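Dumped my_file18.pdb below, it's PDB, C-alpha atoms:
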```
ATOM      1  CA  MET A 735     -20.503  -2.384 -46.610
ATOM      2  CA  THR A 736     -18.447  -5.226 -45.187
ATOM      3  CA  MET A 737     -19.435  -6.812 -41.906
ATOM      4  CA  THR A 738     -16.772  -8.290 -39.683
ATOM      5  CA  ALA A 739     -17.216 -10.473 -36.653
ATOM      6  CA  PRO A 740     -16.596  -8.706 -33.366
ATOM      7  CA  GLU A 741     -13.377  -9.546 -31.586
ATOM      8  CA  PRO A 742     -13.826 -12.003 -28.725
ATOM      9  CA  PRO A 743     -13.394 -10.398 -25.321
ATOM     10  CA  LYS A 744      -9.865 -10.506 -23.975
ATOM     11  CA  PRO A 745      -9.425 -12.439 -20.742
ATOM     12  CA  ALA A 746      -8.943 -10.322 -17.651
ATOM     13  CA  SER A 747      -5.377 -10.153 -16.455
ATOM     14  CA  ALA A 748      -4.552 -12.641 -13.715
ATOM     15  CA  ARG A 749      -2.332 -10.083 -12.034
ATOM     16  CA  GLU A 750      -2.853  -6.693 -10.489
ATOM     17  CA  VAL A 751      -0.116  -4.043 -10.358
ATOM     18  CA  VAL A 752      -0.795  -1.759  -7.400
ATOM     19  CA  PRO A 753       1.153   1.522  -7.122
ATOM     20  CA  LEU A 754       2.664   2.115  -3.687
ATOM     21  CA  GLY A 755       4.120   5.516  -4.518
ATOM     22  CA  ARG A 756       5.924   7.199  -7.417
ATOM     23  CA  SER A 757       8.514   4.435  -7.802
ATOM     24  CA  ALA A 758       7.150   1.345  -6.079
ATOM     25  CA  TRP A 759       4.504  -1.279  -6.849
ATOM     26  CA  ARG A 760       3.243  -4.571  -5.582
ATOM     27  CA  ILE A 761       2.114  -7.340  -7.910
ATOM     28  CA  CYS A 762      -0.841  -9.439  -6.767
ATOM     29  CA  ASP A 763      -2.654 -12.527  -8.062
ATOM     30  CA  ARG A 764      -6.274 -11.562  -8.781
ATOM     31  CA  ALA A 765      -7.357 -15.210  -8.618
ATOM     32  CA  ARG A 766      -6.594 -15.300  -4.873
ATOM     33  CA  ASP A 767      -8.789 -13.872  -2.139
ATOM     34  CA  TYR A 768      -7.695 -10.622  -0.469
ATOM     35  CA  SER A 769      -7.146 -12.468   2.814
ATOM     36  CA  ASP A 770      -4.858 -15.089   1.174
ATOM     37  CA  ALA A 771      -1.151 -14.380   1.754
ATOM     38  CA  GLU A 772      -0.381 -16.161  -1.557
ATOM     39  CA  ARG A 773      -2.115 -13.253  -3.331
ATOM     40  CA  LEU A 774       1.075 -11.201  -3.050
ATOM     41  CA  ILE A 775       3.548 -12.146  -5.813
ATOM     42  CA  ALA A 776       6.247  -9.454  -5.601
ATOM     43  CA  TYR A 777       7.319  -5.987  -4.510
ATOM     44  CA  VAL A 778       8.906  -3.725  -7.124
ATOM     45  CA  ASP A 779      11.052  -0.623  -6.515
ATOM     46  CA  ARG A 780      12.630   1.669  -9.123
ATOM     47  CA  ASN A 781      16.170   2.542  -7.994
ATOM     48  CA  GLU A 782      18.102   5.776  -8.688
ATOM     49  CA  LEU A 783      19.502   4.283 -11.931
ATOM     50  CA  GLY A 784      15.990   3.645 -13.251
ATOM     51  CA  THR A 785      16.102  -0.149 -13.096
ATOM     52  CA  LEU A 786      13.466  -2.139 -11.264
ATOM     53  CA  GLU A 787      14.482  -4.183  -8.253
ATOM     54  CA  VAL A 788      12.025  -6.998  -7.600
ATOM     55  CA  LEU A 789      11.554  -9.030  -4.444
ATOM     56  CA  TRP A 790       9.741 -12.223  -5.497
ATOM     57  CA  LEU A 791       7.728 -13.744  -2.680
ATOM     58  CA  ARG A 792       6.324 -16.846  -4.353
ATOM     59  CA  SER A 793       9.401 -19.070  -4.677
ATOM     60  CA  PRO A 794      10.340 -21.455  -1.846
ATOM     61  CA  CYS A 795      12.201 -18.502  -0.323
ATOM     62  CA  PRO A 796      12.164 -14.830  -1.351
ATOM     63  CA  THR A 797      14.514 -14.005  -4.234
ATOM     64  CA  ARG A 798      15.593 -10.755  -5.862
ATOM     65  CA  SER A 799      16.068  -9.801  -9.493
ATOM     66  CA  ARG A 800      16.414  -6.657 -11.633
ATOM     67  CA  TYR A 801      14.660  -5.548 -14.804
ATOM     68  CA  ARG A 802      15.087  -2.616 -17.196
ATOM     69  CA  ASP A 803      11.385  -1.768 -17.261
ATOM     70  CA  LEU A 804       7.926  -2.908 -16.168
ATOM     71  CA  ASP A 805       7.124  -4.487 -19.559
ATOM     72  CA  GLU A 806      10.168  -6.782 -19.279
ATOM     73  CA  LEU A 807       9.159  -7.712 -15.722
ATOM     74  CA  LEU A 808       5.564  -8.510 -16.689
ATOM     75  CA  ALA A 809       6.695 -10.551 -19.723
ATOM     76  CA  ASP A 810       8.947 -12.592 -17.433
ATOM     77  CA  LEU A 811       6.061 -13.059 -15.014
ATOM     78  CA  ASP A 812       3.809 -14.272 -17.856
ATOM     79  CA  ALA A 813       6.497 -16.746 -18.957
ATOM     80  CA  ALA A 814       6.811 -18.042 -15.377
ATOM     81  CA  VAL A 815       3.045 -18.517 -15.114
ATOM     82  CA  ILE A 816       2.955 -20.418 -18.422
ATOM     83  CA  ALA A 817       5.912 -22.579 -17.362
ATOM     84  CA  GLY A 818       4.239 -23.281 -14.027
ATOM     85  CA  VAL A 819       1.028 -24.401 -15.716
ATOM     86  CA  GLN A 820       2.995 -26.632 -18.087
ATOM     87  CA  SER A 821       5.066 -28.158 -15.270
ATOM     88  CA  ARG A 822       1.921 -28.983 -13.290
ATOM     89  CA  SER A 823       0.472 -30.778 -16.312
ATOM     90  CA  LYS A 824       3.469 -33.127 -16.606
ATOM     91  CA  ARG A 825       3.755 -36.429 -14.790
ATOM     92  CA  PRO A 826       5.841 -36.081 -11.617
ATOM     93  CA  THR A 827       9.396 -37.412 -11.669
ATOM     94  CA  GLN A 828       9.693 -40.804 -10.004
ATOM     95  CA  ILE A 829      12.160 -41.141  -7.150
ATOM     96  CA  PRO A 830      13.610 -44.684  -7.297
ATOM     97  CA  HIS A 831      13.860 -45.233  -3.532
ATOM     98  CA  PHE A 832      10.334 -43.904  -2.966
ATOM     99  CA  PRO A 833       8.112 -45.655  -5.541
ATOM    100  CA  PRO A 834       4.548 -44.356  -5.880
ATOM    101  CA  THR A 835       1.955 -46.044  -3.707
ATOM    102  CA  GLY A 836      -1.067 -47.766  -5.146
TER     103      GLY A 836
END
```
Rewrite the structure of this file - the entire thing - as structure tokens.
Amino acid sequence: MTMTAPEPPKPASAREVVPLGRSAWRICDRARDYSDAERLIAYVDRNELGTLEVLWLRSPCPTRSRYRDLDELLADLDAAVIAGVQSRSKRPTQIPHFPPTG
């Protein structure tokens, strides 16, 4: 009998996909409190052609995009989260006419 180590627990998803009907969802950030407006990431609607129309609410102003399916949308969201974490870990770009203080 061979013993194998148990798999480590998988981290809980940082997002929550909430159905709003048969063809609509909202995507929320679980890390934010329910009363925080930043909790809401996007609204998703499936159109008559079957594609997903997404209204992103987290950019400087709301933007729209389309996806073939929910898996593609969530993969893009994961990539954006990873890119955001990486960009926050980099040193900010210096602006020559506004040198850093201190």
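Residues with any atom within 9 Å of the point (7.1, -0.7, -4.7), counting all atoms listed in the file, are Val752, Pro753, Leu754, Gly755, Arg756, Ser757, Ala758, Trp759, Arg760, Ile761, Ala776, Tyr777, Val778, Asp779, Arg780, Glu787 and Val788 of chain A.
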Go ahead and write the selection's residues with C-alpha atoms as a short mmCIF file (atom, residue, chain, number, x, y, z; two decimals), keeping the file's coordinate frame.
```cif
data_model
loop_
_atom_site.label_atom_id
_atom_site.label_comp_id
_atom_site.auth_asym_id
_atom_site.auth_seq_id
_atom_site.Cartn_x
_atom_site.Cartn_y
_atom_site.Cartn_z
CA VAL A 752 -0.80 -1.76 -7.40
CA PRO A 753 1.15 1.52 -7.12
CA LEU A 754 2.66 2.12 -3.69
CA GLY A 755 4.12 5.52 -4.52
CA ARG A 756 5.92 7.20 -7.42
CA SER A 757 8.51 4.43 -7.80
CA ALA A 758 7.15 1.34 -6.08
CA TRP A 759 4.50 -1.28 -6.85
CA ARG A 760 3.24 -4.57 -5.58
CA ILE A 761 2.11 -7.34 -7.91
CA ALA A 776 6.25 -9.45 -5.60
CA TYR A 777 7.32 -5.99 -4.51
CA VAL A 778 8.91 -3.72 -7.12
CA ASP A 779 11.05 -0.62 -6.52
CA ARG A 780 12.63 1.67 -9.12
CA GLU A 787 14.48 -4.18 -8.25
CA VAL A 788 12.02 -7.00 -7.60
#
```
Go ahead and compute the interatomic distance for atom CA of Glu806 of chain A and atom CA of Tyr768 of chain A, in Å to one decimal.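 Interatomic distance here is 26.2 Å.
Minimum distance to Leu786 of chain A across A:Ala813, A:Arg798, A:Asp770, A:Asp803 (counting only C-alpha atoms) occurs at A:Asp803.
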One number please: atom CA of Ala748 of chain A to atom CA of Arg802 of chain A, in Å, one decimal. 22.3 Å
